[in-house]
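Structure data (compact mmCIF, C-alpha atoms) from coords-v8.txt:
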# COMPACT_ATOMS: atom_id res chain seq x y z
CA MET E 1 74.30 54.82 -22.54
CA ASN E 2 73.84 53.60 -26.05
CA GLY E 3 70.77 51.47 -25.44
CA GLU E 4 68.46 54.38 -26.20
CA ILE E 5 69.28 54.77 -29.86
CA PRO E 6 67.19 52.22 -31.76
CA LEU E 7 69.77 51.52 -34.44
CA GLU E 8 71.30 48.27 -35.68
CA GLY E 9 74.78 49.23 -34.52
CA SER E 10 73.78 50.29 -31.02
CA ARG E 11 73.72 46.94 -29.26
CA GLY E 12 75.22 47.18 -25.80
CA PHE E 13 75.37 45.74 -22.31
CA THR E 14 71.61 45.18 -21.84
CA TYR E 15 71.43 43.43 -25.20
CA GLY E 16 74.17 41.05 -24.03
CA LEU E 17 72.43 40.51 -20.74
CA ARG E 18 69.21 39.56 -22.53
CA GLN E 19 71.13 37.20 -24.83
CA SER E 20 72.61 35.46 -21.78
CA LEU E 21 69.19 34.29 -20.59
CA THR E 22 69.49 30.82 -22.18
CA ILE E 23 72.77 30.25 -20.32
CA VAL E 24 71.30 31.63 -17.08
CA ILE E 25 68.54 29.01 -17.28
CA GLY E 26 70.97 26.27 -18.33
CA TYR E 27 73.43 26.95 -15.52
CA ALA E 28 70.84 27.05 -12.74
CA PRO E 29 70.26 23.30 -12.19
CA VAL E 30 73.93 22.45 -12.60
CA ALA E 31 75.00 25.16 -10.14
CA VAL E 32 72.35 24.05 -7.63
CA THR E 33 73.64 20.49 -8.00
CA PHE E 34 77.20 21.70 -7.43
CA GLY E 35 76.26 23.62 -4.30
CA LEU E 36 74.27 20.68 -2.97
CA LEU E 37 77.04 18.16 -3.64
CA ALA E 38 79.73 20.45 -2.25
CA THR E 39 77.90 20.56 1.08
CA GLN E 40 77.44 16.77 0.93
CA PHE E 41 81.20 16.49 0.43
CA GLY E 42 81.97 18.59 3.50
CA LEU E 43 82.21 22.18 2.21
CA THR E 44 80.09 24.99 3.66
CA TYR E 45 77.68 26.81 1.36
CA TRP E 46 79.85 29.91 1.25
CA GLU E 47 82.99 27.88 0.52
CA ALA E 48 81.12 26.40 -2.43
CA GLY E 49 80.07 29.93 -3.42
CA LEU E 50 83.64 31.18 -3.12
CA MET E 51 84.84 28.41 -5.44
CA SER E 52 82.15 29.28 -8.00
CA PHE E 53 83.02 32.97 -7.72
CA PHE E 54 86.75 32.62 -8.24
CA VAL E 55 87.23 29.44 -10.26
CA TYR E 56 83.99 29.62 -12.28
CA ALA E 57 84.56 26.44 -14.28
CA GLY E 58 81.90 23.76 -13.89
CA ALA E 59 83.51 20.41 -14.61
CA SER E 60 86.74 21.21 -12.76
CA GLN E 61 84.80 22.32 -9.68
CA PHE E 62 82.95 19.01 -9.55
CA ILE E 63 86.23 17.15 -9.97
CA ALA E 64 87.84 19.27 -7.25
CA ILE E 65 85.24 18.50 -4.58
CA GLU E 66 85.50 14.80 -5.43
CA MET E 67 89.31 14.92 -5.17
CA LEU E 68 89.20 16.97 -1.96
CA HIS E 69 86.89 14.35 -0.51
CA GLN E 70 89.38 11.62 -1.42
CA GLY E 71 92.19 13.57 0.24
CA ALA E 72 94.10 14.73 -2.85
CA SER E 73 96.63 17.56 -2.34
CA PRO E 74 95.98 21.12 -3.60
CA VAL E 75 98.84 20.77 -6.10
CA MET E 76 97.33 17.59 -7.49
CA ILE E 77 93.93 19.28 -7.84
CA GLY E 78 95.58 22.35 -9.38
CA LEU E 79 97.32 20.19 -11.99
CA THR E 80 94.12 18.35 -12.81
CA THR E 81 92.32 21.70 -13.13
CA LEU E 82 95.03 22.88 -15.50
CA ILE E 83 94.57 19.94 -17.85
CA VAL E 84 90.78 20.24 -17.69
CA ASN E 85 90.76 23.98 -18.33
CA ILE E 86 93.63 24.38 -20.77
CA ARG E 87 90.98 24.39 -23.52
CA HIS E 88 90.02 27.94 -22.46
CA LEU E 89 93.24 28.99 -24.19
CA LEU E 90 91.73 27.95 -27.52
CA MET E 91 88.42 29.71 -26.90
CA SER E 92 90.14 32.86 -25.72
CA LEU E 93 92.41 32.87 -28.79
CA SER E 94 89.39 32.64 -30.99
CA VAL E 95 87.47 35.63 -29.49
CA VAL E 96 90.49 37.93 -29.16
CA PRO E 97 90.30 39.09 -32.82
CA TYR E 98 86.97 40.82 -32.04
CA PHE E 99 88.80 43.20 -29.71
CA SER E 100 91.93 44.42 -31.47
CA GLU E 101 91.81 47.85 -29.74
CA ARG E 102 91.23 46.48 -26.22
CA THR E 103 92.71 48.09 -23.11
CA LEU E 104 94.13 46.19 -20.14
CA PRO E 105 91.03 46.54 -17.90
CA TRP E 106 88.80 45.29 -20.73
CA SER E 107 91.16 42.36 -21.34
CA LEU E 108 91.08 41.38 -17.68
CA ALA E 109 87.31 41.76 -17.45
CA LEU E 110 86.29 40.00 -20.67
CA ALA E 111 88.61 37.05 -20.01
CA GLN E 112 87.03 36.41 -16.60
CA GLY E 113 83.69 35.30 -18.02
CA LEU E 114 84.86 32.95 -20.75
CA THR E 115 83.33 29.47 -20.42
CA ASP E 116 82.34 26.80 -22.92
CA GLU E 117 78.80 28.17 -23.00
CA THR E 118 79.57 31.91 -23.10
CA PHE E 119 82.18 31.21 -25.76
CA VAL E 120 79.64 29.55 -28.02
CA LEU E 121 77.09 32.32 -27.49
CA ASN E 122 79.61 35.16 -27.87
CA SER E 123 80.98 33.67 -31.08
CA LYS E 124 77.46 33.53 -32.45
CA VAL E 125 76.35 37.01 -31.30
CA LEU E 126 79.50 39.10 -31.70
CA LYS E 127 79.89 38.61 -35.42
CA ASP E 128 76.64 40.56 -35.97
CA VAL E 129 77.57 43.47 -33.70
CA ALA E 130 79.25 46.42 -35.40
CA GLY E 131 81.92 48.42 -33.61
CA GLU E 132 84.40 47.18 -31.04
CA GLU E 133 83.00 49.37 -28.24
CA ASN E 134 79.59 47.73 -28.70
CA ARG E 135 81.10 44.24 -28.91
CA ARG E 136 82.89 44.74 -25.59
CA ARG E 137 79.66 45.77 -23.88
CA VAL E 138 77.66 42.94 -25.42
CA MET E 139 80.25 40.36 -24.33
CA LEU E 140 80.36 41.87 -20.84
CA GLY E 141 76.57 41.57 -20.62
CA ILE E 142 76.58 37.94 -21.77
CA ASN E 143 79.42 37.06 -19.42
CA LEU E 144 77.96 38.82 -16.38
CA GLY E 145 74.53 37.23 -16.84
CA ALA E 146 75.99 33.74 -17.02
CA PHE E 147 78.44 34.35 -14.16
CA SER E 148 75.76 35.72 -11.81
CA SER E 149 73.60 32.67 -12.45
CA TRP E 150 76.46 30.27 -11.70
CA PHE E 151 77.36 32.08 -8.48
CA VAL E 152 73.86 32.72 -7.12
CA PHE E 153 72.56 29.22 -7.85
CA THR E 154 75.65 27.65 -6.28
CA LEU E 155 74.82 29.50 -3.06
CA LEU E 156 71.19 28.41 -3.34
CA GLY E 157 72.21 24.76 -3.80
CA GLY E 158 74.59 25.03 -0.87
CA LEU E 159 71.83 26.45 1.33
CA ILE E 160 69.45 23.66 0.29
CA GLY E 161 72.15 21.15 1.20
CA LYS E 162 72.68 22.88 4.53
CA TRP E 163 69.02 23.09 5.58
CA LEU E 164 68.01 19.71 4.19
CA PRO E 165 70.84 17.33 5.08
CA ILE E 166 69.60 14.40 3.01
CA GLN E 167 70.92 10.88 3.62
CA PHE E 168 70.78 9.14 0.27
CA SER E 169 73.36 6.68 -1.09
CA GLY E 170 72.58 7.85 -4.62
CA PHE E 171 74.58 11.04 -4.03
CA GLN E 172 77.85 9.18 -4.40
CA PHE E 173 76.82 8.48 -7.99
CA ALA E 174 75.76 12.05 -8.89
CA LEU E 175 79.17 13.18 -10.14
CA LEU E 176 79.71 10.02 -12.14
CA SER E 177 76.27 10.52 -13.71
CA LEU E 178 77.19 14.07 -14.64
CA PHE E 179 80.46 12.95 -16.24
CA ILE E 180 78.68 10.15 -18.10
CA ILE E 181 76.17 12.64 -19.53
CA LEU E 182 78.99 14.93 -20.63
CA THR E 183 80.63 11.89 -22.24
CA THR E 184 77.62 10.88 -24.31
CA MET E 185 77.25 14.52 -25.35
CA SER E 186 80.84 14.84 -26.57
CA LEU E 187 81.75 11.36 -27.88
CA SER E 188 82.11 11.30 -31.66
CA LYS E 189 83.73 9.32 -34.47
CA LYS E 190 86.70 11.66 -34.21
CA ASN E 191 87.50 11.04 -30.56
CA TYR E 192 86.14 7.66 -29.42
CA LEU E 193 89.48 5.86 -29.92
CA THR E 194 91.17 8.37 -27.61
CA TYR E 195 88.35 7.76 -25.14
CA LEU E 196 88.87 3.98 -25.20
CA LEU E 197 92.63 4.31 -24.93
CA ALA E 198 92.34 6.69 -21.96
CA ALA E 199 89.88 4.31 -20.26
CA ILE E 200 92.21 1.29 -20.57
CA LEU E 201 95.31 3.26 -19.55
CA ALA E 202 93.48 4.74 -16.56
CA ILE E 203 92.39 1.31 -15.26
CA VAL E 204 95.89 -0.15 -15.66
CA PHE E 205 97.64 2.85 -14.07
CA LYS E 206 95.12 3.03 -11.25
CA LEU E 207 95.78 -0.63 -10.37
CA LEU E 208 99.57 -0.23 -10.62
CA ILE E 209 100.31 3.23 -9.17
CA PRO E 210 99.00 4.45 -5.81
CA GLY E 211 97.42 7.90 -5.58
CA LYS E 212 95.72 10.02 -8.22
CA ILE E 213 98.65 10.28 -10.64
CA TYR E 214 96.88 7.85 -12.96
CA LEU E 215 94.48 10.64 -14.00
CA ILE E 216 97.13 12.94 -15.45
CA LEU E 217 99.25 10.11 -16.87
CA SER E 218 96.44 8.43 -18.77
CA VAL E 219 94.96 11.70 -20.05
CA ALA E 220 98.29 13.09 -21.28
CA LEU E 221 99.27 9.79 -22.93
CA ALA E 222 95.89 9.15 -24.57
CA ALA E 223 95.46 12.74 -25.86
CA GLY E 224 99.09 12.74 -27.02
CA ILE E 225 98.74 9.48 -28.92
CA GLY E 226 95.37 10.59 -30.30
CA ALA E 227 96.80 13.89 -31.57
CA TRP E 228 99.85 12.16 -33.03
CA TRP E 229 97.57 9.68 -34.78
CA ARG E 230 95.45 12.48 -36.28
CA LYS E 231 98.56 14.17 -37.59
CA ARG E 232 99.79 10.91 -39.13
CA GLU E 233 96.43 10.41 -40.80
CA GLY E 234 96.88 13.89 -42.21
CA ARG E 235 93.59 15.28 -40.92
CA MET V 1 87.99 27.58 5.98
CA SER V 2 90.96 25.21 5.97
CA ASN V 3 94.28 26.23 4.42
CA GLN V 4 94.05 23.22 2.16
CA LEU V 5 90.78 24.43 0.63
CA LEU V 6 92.07 27.99 0.34
CA GLU V 7 95.20 26.78 -1.43
CA THR V 8 93.11 24.57 -3.72
CA ILE V 9 90.79 27.42 -4.74
CA LEU V 10 93.77 29.74 -5.27
CA LEU V 11 95.62 27.29 -7.52
CA MET V 12 92.46 26.47 -9.47
CA THR V 13 91.78 30.18 -9.99
CA VAL V 14 95.32 30.90 -11.17
CA VAL V 15 95.42 28.13 -13.78
CA THR V 16 91.86 28.70 -15.02
CA TYR V 17 92.00 32.48 -15.23
CA GLY V 18 95.50 32.16 -16.67
CA ALA V 19 94.21 30.09 -19.59
CA ARG V 20 91.43 32.62 -20.16
CA VAL V 21 93.44 35.80 -19.96
CA LEU V 22 96.80 34.95 -21.60
CA PRO V 23 95.56 35.25 -25.20
CA PHE V 24 93.93 38.59 -24.34
CA LEU V 25 97.25 39.86 -23.02
CA LEU V 26 99.59 38.37 -25.59
CA PHE V 27 97.89 37.89 -28.94
CA LYS V 28 96.45 39.98 -31.68
CA GLY V 29 94.48 36.90 -32.66
CA LYS V 30 95.90 33.84 -34.31
CA ASN V 31 94.96 30.23 -33.89
CA VAL V 32 96.85 27.28 -32.49
CA GLN V 33 97.26 24.64 -35.18
CA GLY V 34 98.52 21.10 -35.62
CA PHE V 35 99.50 18.78 -32.80
CA ALA V 36 98.92 21.29 -29.98
CA ARG V 37 95.39 22.00 -31.16
CA ASP V 38 94.47 18.32 -31.54
CA PHE V 39 95.99 17.57 -28.15
CA ILE V 40 93.99 20.30 -26.38
CA GLU V 41 90.84 19.22 -28.19
CA LEU V 42 91.26 15.60 -27.11
CA VAL V 43 92.04 16.31 -23.45
CA PRO V 44 88.41 16.70 -22.26
CA ILE V 45 87.21 13.38 -23.69
CA ALA V 46 90.30 11.54 -22.43
CA LEU V 47 89.76 13.05 -19.01
CA LEU V 48 86.13 11.95 -18.92
CA ALA V 49 87.27 8.38 -19.63
CA ALA V 50 89.95 8.52 -16.92
CA LEU V 51 87.52 9.97 -14.37
CA VAL V 52 84.66 7.58 -14.99
CA ILE V 53 85.80 4.17 -16.22
CA PRO V 54 88.20 3.23 -13.38
CA GLU V 55 85.56 4.24 -10.83
CA LEU V 56 83.04 1.95 -12.52
CA VAL V 57 85.31 -1.06 -13.03
CA THR V 58 87.50 -0.94 -9.92
CA PRO V 59 85.48 0.79 -7.19
CA ASN V 60 87.51 -0.77 -4.35
CA GLY V 61 90.89 -1.05 -6.03
CA THR V 62 90.28 -4.42 -7.72
CA ILE V 63 88.25 -5.30 -10.80
CA VAL V 64 84.68 -6.27 -9.85
CA ILE V 65 82.00 -7.22 -12.38
CA ILE V 66 78.89 -8.86 -10.93
CA HIS V 67 78.43 -7.40 -7.45
CA ASN V 68 79.27 -3.91 -8.58
CA PRO V 69 76.45 -1.32 -8.49
CA PHE V 70 78.84 1.31 -9.94
CA LEU V 71 79.40 -0.67 -13.13
CA TRP V 72 75.74 -1.49 -13.79
CA ALA V 73 74.43 1.94 -12.81
CA GLY V 74 77.11 3.43 -15.07
CA LEU V 75 76.14 1.30 -18.07
CA LEU V 76 72.44 2.09 -17.59
CA THR V 77 73.17 5.81 -17.24
CA PHE V 78 75.22 5.68 -20.46
CA LEU V 79 72.26 4.12 -22.25
CA PHE V 80 69.73 6.50 -20.70
CA THR V 81 71.64 9.66 -21.57
CA LYS V 82 72.18 8.44 -25.12
CA PHE V 83 68.42 8.66 -25.61
CA VAL V 84 67.65 11.48 -23.14
CA PRO V 85 70.51 14.00 -23.40
CA ASN V 86 69.41 16.14 -20.44
CA LEU V 87 71.83 17.03 -17.65
CA PHE V 88 69.30 17.23 -14.87
CA LEU V 89 67.29 14.11 -15.78
CA GLY V 90 70.50 12.16 -16.29
CA ILE V 91 71.76 12.92 -12.80
CA ILE V 92 68.40 12.02 -11.25
CA PHE V 93 68.31 8.77 -13.24
CA GLY V 94 71.90 7.83 -12.33
CA MET V 95 71.45 8.48 -8.62
CA THR V 96 68.16 6.59 -8.43
CA VAL V 97 69.42 3.54 -10.33
CA PHE V 98 72.60 3.45 -8.26
CA TRP V 99 70.62 3.67 -5.06
CA GLY V 100 68.35 0.78 -6.18
CA LEU V 101 71.23 -1.44 -7.34
CA ASP V 102 73.21 -0.65 -4.21
CA LYS V 103 70.32 -2.07 -2.16
CA LEU V 104 69.91 -5.11 -4.42
CA LEU V 105 73.51 -6.16 -4.96
CA LEU V 106 74.99 -5.77 -1.47
Using structure tokens, write down the structure that the file contains.
Amino acid sequence: MNGEIPLEGSRGFTYGLRQSLTIVIGYAPVAVTFGLLATQFGLTYWEAGLMSFFVYAGASQFIAIEMLHQGASPVMIGLTTLIVNIRHLLMSLSVVPYFSERTLPWSLALAQGLTDETFVLNSKVLKDVAGEENRRRVMLGINLGAFSSWFVFTLLGGLIGKWLPIQFSGFQFALLSLFIILTTMSLSKKNYLTYLLAAILAIVFKLLIPGKIYLILSVALAAGIGAWWRKREGR
Amino acid sequence: MSNQLLETILLMTVVTYGARVLPFLLFKGKNVQGFARDFIELVPIALLAALVIPELVTPNGTIVIIHNPFLWAGLLTFLFTKFVPNLFLGIIFGMTVFWGLDKLLL
């Protein structure tokens, strides 16, 4: 509708869609990997697709298929997902000010597509878009581009896993590799002590307590102590 | 599809979408500060530690060092990704090294 007027303030849905291209390319291999692993872990390709469609949160989906495989209960997986994804609250809080006039349908729609990656891109793009109407359309374009990629490439990965049932012991290390990469990408001077503390607590709790409770216990304790320590340091 | 999977996807959707949509429904836009903010910021890194390290050190429920392909593949993947921070290459590297060590050490 407003894409035809070649003015600075007329950025809309198509502009957002074009901006999302970097995320579309970035998501593709990860989503294919998820679909492939999900089928290796006993899901069908459309069950993997369904999870990507509704949950749409990378790390927690990988964790979920691993936990499902190990026989964890839905409640346990739900709780783990909650602690993994609670950070979306922060990202959501930080984009909300761009949409002070939003209606309920817009709120429901824009919230759906918020991920780590779309958050970073939206924060960068939206501050240069004038007018709330335009900002809504731009964000919708960015979100829809990224979401479609995640969903479609999950299905593709699932289909590859279905048609090429590969026997390869390396697959049991794929998730751990992914988590290790995420670790090296996010470790910093500000959080490595929390990381070490969580690692030690997790080993001790895993050896002492049966089941998967050790995950939540060690994460809550380590993040709690880490946050308390930061506050004490006055930073 | 099993009920267990359906229930899992449902719960995951509720908590994830909930975290995304609540600020849109409730806030005009202010930021969480202090302890709560630090806590939420530290959760992902703590979770990565809890997910990875016990799997590397105690793959069968007891601490194993030498004959443990998980531990050595993990350490090598850590090193590799420190120099090559690429998601796809890292996964390929990790799987291949694990597969090789699994053959060698068992």
Exercise for review: Identify, on the basis of all atoms listed in the file, every residue whose closest approach to Ile160 (chain E) does not exceed 10 Å; exclude the query and any residue fewer than 2 positions from it along the same chain; express the result as a VMD selection string.
Suggested key: chain E and resid 32 to 33 35 to 36 39 45 154 to 158 162 to 166
Mind checking which residues fall within 12 Å of Ile213 (chain E), counting all atoms listed in the file, ignoring those fewer than 5 positions away in the same chain, and posting them as an mmCIF file with C-alpha atoms, keeping the file's coordinate frame?
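As a result, selection.cif now contains:
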data_model
loop_
_atom_site.group_PDB
_atom_site.id
_atom_site.type_symbol
_atom_site.label_atom_id
_atom_site.label_comp_id
_atom_site.auth_asym_id
_atom_site.auth_seq_id
_atom_site.Cartn_x
_atom_site.Cartn_y
_atom_site.Cartn_z
ATOM 1 C CA MET E 67 89.310 14.920 -5.170
ATOM 2 C CA ALA E 72 94.100 14.730 -2.850
ATOM 3 C CA SER E 73 96.630 17.560 -2.340
ATOM 4 C CA VAL E 75 98.840 20.770 -6.100
ATOM 5 C CA MET E 76 97.330 17.590 -7.490
ATOM 6 C CA ILE E 77 93.930 19.280 -7.840
ATOM 7 C CA LEU E 79 97.320 20.190 -11.990
ATOM 8 C CA THR E 80 94.120 18.350 -12.810
ATOM 9 C CA LEU E 201 95.310 3.260 -19.550
ATOM 10 C CA ALA E 202 93.480 4.740 -16.560
ATOM 11 C CA ILE E 203 92.390 1.310 -15.260
ATOM 12 C CA VAL E 204 95.890 -0.150 -15.660
ATOM 13 C CA PHE E 205 97.640 2.850 -14.070
ATOM 14 C CA LYS E 206 95.120 3.030 -11.250
ATOM 15 C CA LEU E 207 95.780 -0.630 -10.370
ATOM 16 C CA LEU E 208 99.570 -0.230 -10.620
ATOM 17 C CA SER E 218 96.440 8.430 -18.770
ATOM 18 C CA VAL E 219 94.960 11.700 -20.050
ATOM 19 C CA ALA E 220 98.290 13.090 -21.280
ATOM 20 C CA ALA V 50 89.950 8.520 -16.920
ATOM 21 C CA LEU V 51 87.520 9.970 -14.370
#
ask   = Which residue, V:Leu6, V:Val21, V:Met1, V:Leu101, has the smallest gap to Thr115 (chain E) when you use all atoms listed in the file?
value =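 Result for the nearest residue to Thr115 (chain E): V:Val21.
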### Query
What's the 12 Å shell around Leu105 (chain V), counting all atoms listed in the file, without same-chain residues fewer than 5 positions away, as a VMD selection string?
chain V and resid 65 to 73 97 to 100
Could you write out that same residue set with C-alpha atoms as an mmCIF file, keeping the file's coordinate frame?
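Below is the file result21.cif, written as the result:
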data_model
loop_
_atom_site.group_PDB
_atom_site.id
_atom_site.type_symbol
_atom_site.label_atom_id
_atom_site.label_comp_id
_atom_site.auth_asym_id
_atom_site.auth_seq_id
_atom_site.Cartn_x
_atom_site.Cartn_y
_atom_site.Cartn_z
ATOM 1 C CA ILE V 65 82.000 -7.220 -12.380
ATOM 2 C CA ILE V 66 78.890 -8.860 -10.930
ATOM 3 C CA HIS V 67 78.430 -7.400 -7.450
ATOM 4 C CA ASN V 68 79.270 -3.910 -8.580
ATOM 5 C CA PRO V 69 76.450 -1.320 -8.490
ATOM 6 C CA PHE V 70 78.840 1.310 -9.940
ATOM 7 C CA LEU V 71 79.400 -0.670 -13.130
ATOM 8 C CA TRP V 72 75.740 -1.490 -13.790
ATOM 9 C CA ALA V 73 74.430 1.940 -12.810
ATOM 10 C CA VAL V 97 69.420 3.540 -10.330
ATOM 11 C CA PHE V 98 72.600 3.450 -8.260
ATOM 12 C CA TRP V 99 70.620 3.670 -5.060
ATOM 13 C CA GLY V 100 68.350 0.780 -6.180
#
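In this structure, CA of Val84 (chain V) sits 25.2 Å away from CA of Ala198 (chain E).
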Could you produce a table of the residues of chain E lying within 7 Å of chain V, with the nearest pair of atoms per residue and their separation in Å rounded to one decimal, using all atoms listed in the file, ordered by chain and increasing residue number, as JSON lines?
{"residue": "E:Pro29", "atom": "CA", "partner": "V:Phe88", "partner_atom": "CA", "distance": 6.7}
{"residue": "E:Met51", "atom": "CA", "partner": "V:Ile9", "partner_atom": "CA", "distance": 6.1}
{"residue": "E:Phe54", "atom": "CA", "partner": "V:Thr13", "partner_atom": "CA", "distance": 5.9}
{"residue": "E:Val55", "atom": "CA", "partner": "V:Thr13", "partner_atom": "CA", "distance": 4.6}
{"residue": "E:Pro74", "atom": "CA", "partner": "V:Thr8", "partner_atom": "CA", "distance": 4.5}
{"residue": "E:Ile77", "atom": "CA", "partner": "V:Thr8", "partner_atom": "CA", "distance": 6.8}
{"residue": "E:Gly78", "atom": "CA", "partner": "V:Met12", "partner_atom": "CA", "distance": 5.2}
{"residue": "E:Thr81", "atom": "CA", "partner": "V:Met12", "partner_atom": "CA", "distance": 6.0}
{"residue": "E:Leu82", "atom": "CA", "partner": "V:Val15", "partner_atom": "CA", "distance": 5.5}
{"residue": "E:Val84", "atom": "CA", "partner": "V:Pro44", "partner_atom": "CA", "distance": 6.2}
{"residue": "E:Asn85", "atom": "CA", "partner": "V:Thr16", "partner_atom": "CA", "distance": 5.9}
{"residue": "E:Ile86", "atom": "CA", "partner": "V:Ala19", "partner_atom": "CA", "distance": 5.9}
{"residue": "E:Arg87", "atom": "CA", "partner": "V:Ile40", "partner_atom": "CA", "distance": 5.8}
{"residue": "E:His88", "atom": "CA", "partner": "V:Arg20", "partner_atom": "CA", "distance": 5.4}
{"residue": "E:Leu89", "atom": "CA", "partner": "V:Ala19", "partner_atom": "CA", "distance": 4.8}
{"residue": "E:Ser92", "atom": "CA", "partner": "V:Arg20", "partner_atom": "CA", "distance": 5.7}
{"residue": "E:Leu93", "atom": "CA", "partner": "V:Pro23", "partner_atom": "CA", "distance": 5.3}
{"residue": "E:Ser94", "atom": "CA", "partner": "V:Asn31", "partner_atom": "CA", "distance": 6.7}
{"residue": "E:Val96", "atom": "CA", "partner": "V:Gly29", "partner_atom": "CA", "distance": 5.4}
{"residue": "E:Pro97", "atom": "CA", "partner": "V:Gly29", "partner_atom": "CA", "distance": 4.7}
{"residue": "E:Ser100", "atom": "CA", "partner": "V:Lys28", "partner_atom": "CA", "distance": 6.3}
{"residue": "E:Ser107", "atom": "CA", "partner": "V:Phe24", "partner_atom": "CA", "distance": 5.6}
{"residue": "E:Leu108", "atom": "CA", "partner": "V:Val21", "partner_atom": "CA", "distance": 6.5}
{"residue": "E:Ala111", "atom": "CA", "partner": "V:Val21", "partner_atom": "CA", "distance": 5.0}
{"residue": "E:Gln112", "atom": "CA", "partner": "V:Tyr17", "partner_atom": "CA", "distance": 6.5}
{"residue": "E:Leu114", "atom": "CA", "partner": "V:Arg20", "partner_atom": "CA", "distance": 6.6}
{"residue": "E:Ser169", "atom": "CA", "partner": "V:Trp99", "partner_atom": "CA", "distance": 5.7}
{"residue": "E:Gly170", "atom": "CA", "partner": "V:Met95", "partner_atom": "CA", "distance": 4.2}
{"residue": "E:Phe171", "atom": "CA", "partner": "V:Met95", "partner_atom": "CA", "distance": 6.1}
{"residue": "E:Phe173", "atom": "CA", "partner": "V:Met95", "partner_atom": "CA", "distance": 5.4}
{"residue": "E:Ala174", "atom": "CA", "partner": "V:Met95", "partner_atom": "CA", "distance": 5.6}
{"residue": "E:Leu176", "atom": "CA", "partner": "V:Val52", "partner_atom": "CA", "distance": 6.2}
{"residue": "E:Ser177", "atom": "CA", "partner": "V:Ile91", "partner_atom": "CA", "distance": 5.2}
{"residue": "E:Leu178", "atom": "CA", "partner": "V:Ile91", "partner_atom": "CA", "distance": 5.8}
{"residue": "E:Phe179", "atom": "CA", "partner": "V:Leu48", "partner_atom": "CA", "distance": 6.4}
{"residue": "E:Ile180", "atom": "CA", "partner": "V:Phe78", "partner_atom": "CA", "distance": 6.1}
{"residue": "E:Ile181", "atom": "CA", "partner": "V:Thr81", "partner_atom": "CA", "distance": 5.8}
{"residue": "E:Thr183", "atom": "CA", "partner": "V:Leu48", "partner_atom": "CA", "distance": 6.4}
{"residue": "E:Thr184", "atom": "CA", "partner": "V:Lys82", "partner_atom": "CA", "distance": 6.0}
{"residue": "E:Asn191", "atom": "CA", "partner": "V:Leu42", "partner_atom": "CA", "distance": 6.8}
{"residue": "E:Thr194", "atom": "CA", "partner": "V:Ala46", "partner_atom": "CA", "distance": 6.1}
{"residue": "E:Tyr195", "atom": "CA", "partner": "V:Ala46", "partner_atom": "CA", "distance": 5.0}
{"residue": "E:Ala198", "atom": "CA", "partner": "V:Ala46", "partner_atom": "CA", "distance": 5.3}
{"residue": "E:Ala199", "atom": "CA", "partner": "V:Ala49", "partner_atom": "CA", "distance": 4.9}
{"residue": "E:Ala202", "atom": "CA", "partner": "V:Ala50", "partner_atom": "CA", "distance": 5.2}
{"residue": "E:Ile203", "atom": "CA", "partner": "V:Pro54", "partner_atom": "CA", "distance": 5.0}
{"residue": "E:Leu207", "atom": "CA", "partner": "V:Gly61", "partner_atom": "CA", "distance": 6.6}
{"residue": "E:Leu215", "atom": "CA", "partner": "V:Ala50", "partner_atom": "CA", "distance": 5.8}
{"residue": "E:Ser218", "atom": "CA", "partner": "V:Ala50", "partner_atom": "CA", "distance": 6.7}
{"residue": "E:Val219", "atom": "CA", "partner": "V:Ala46", "partner_atom": "CA", "distance": 5.2}
{"residue": "E:Ala222", "atom": "CA", "partner": "V:Ala46", "partner_atom": "CA", "distance": 6.4}
{"residue": "E:Ala223", "atom": "CA", "partner": "V:Leu42", "partner_atom": "CA", "distance": 5.2}
{"residue": "E:Gly224", "atom": "CA", "partner": "V:Phe39", "partner_atom": "CA", "distance": 5.8}
{"residue": "E:Ala227", "atom": "CA", "partner": "V:Asp38", "partner_atom": "CA", "distance": 5.0}
{"residue": "E:Trp228", "atom": "CA", "partner": "V:Phe35", "partner_atom": "CA", "distance": 6.6}
{"residue": "E:Lys231", "atom": "CA", "partner": "V:Phe35", "partner_atom": "CA", "distance": 6.7}
Which residues are near Arg18 (chain E)? Cut-off 8 Å, all atoms listed in the file, ignore same chain within fewer than 4 positions. Put them as a short mmCIF file (atom, residue, chain, number, x, y, z; two decimals) with C-alpha atoms, in the frame of the given file.
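Writing done, so here's result_6.cif:
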data_model
loop_
_atom_site.label_atom_id
_atom_site.label_comp_id
_atom_site.auth_asym_id
_atom_site.auth_seq_id
_atom_site.Cartn_x
_atom_site.Cartn_y
_atom_site.Cartn_z
CA THR E 14 71.61 45.18 -21.84
CA GLY E 141 76.57 41.57 -20.62
CA ILE E 142 76.58 37.94 -21.77
#
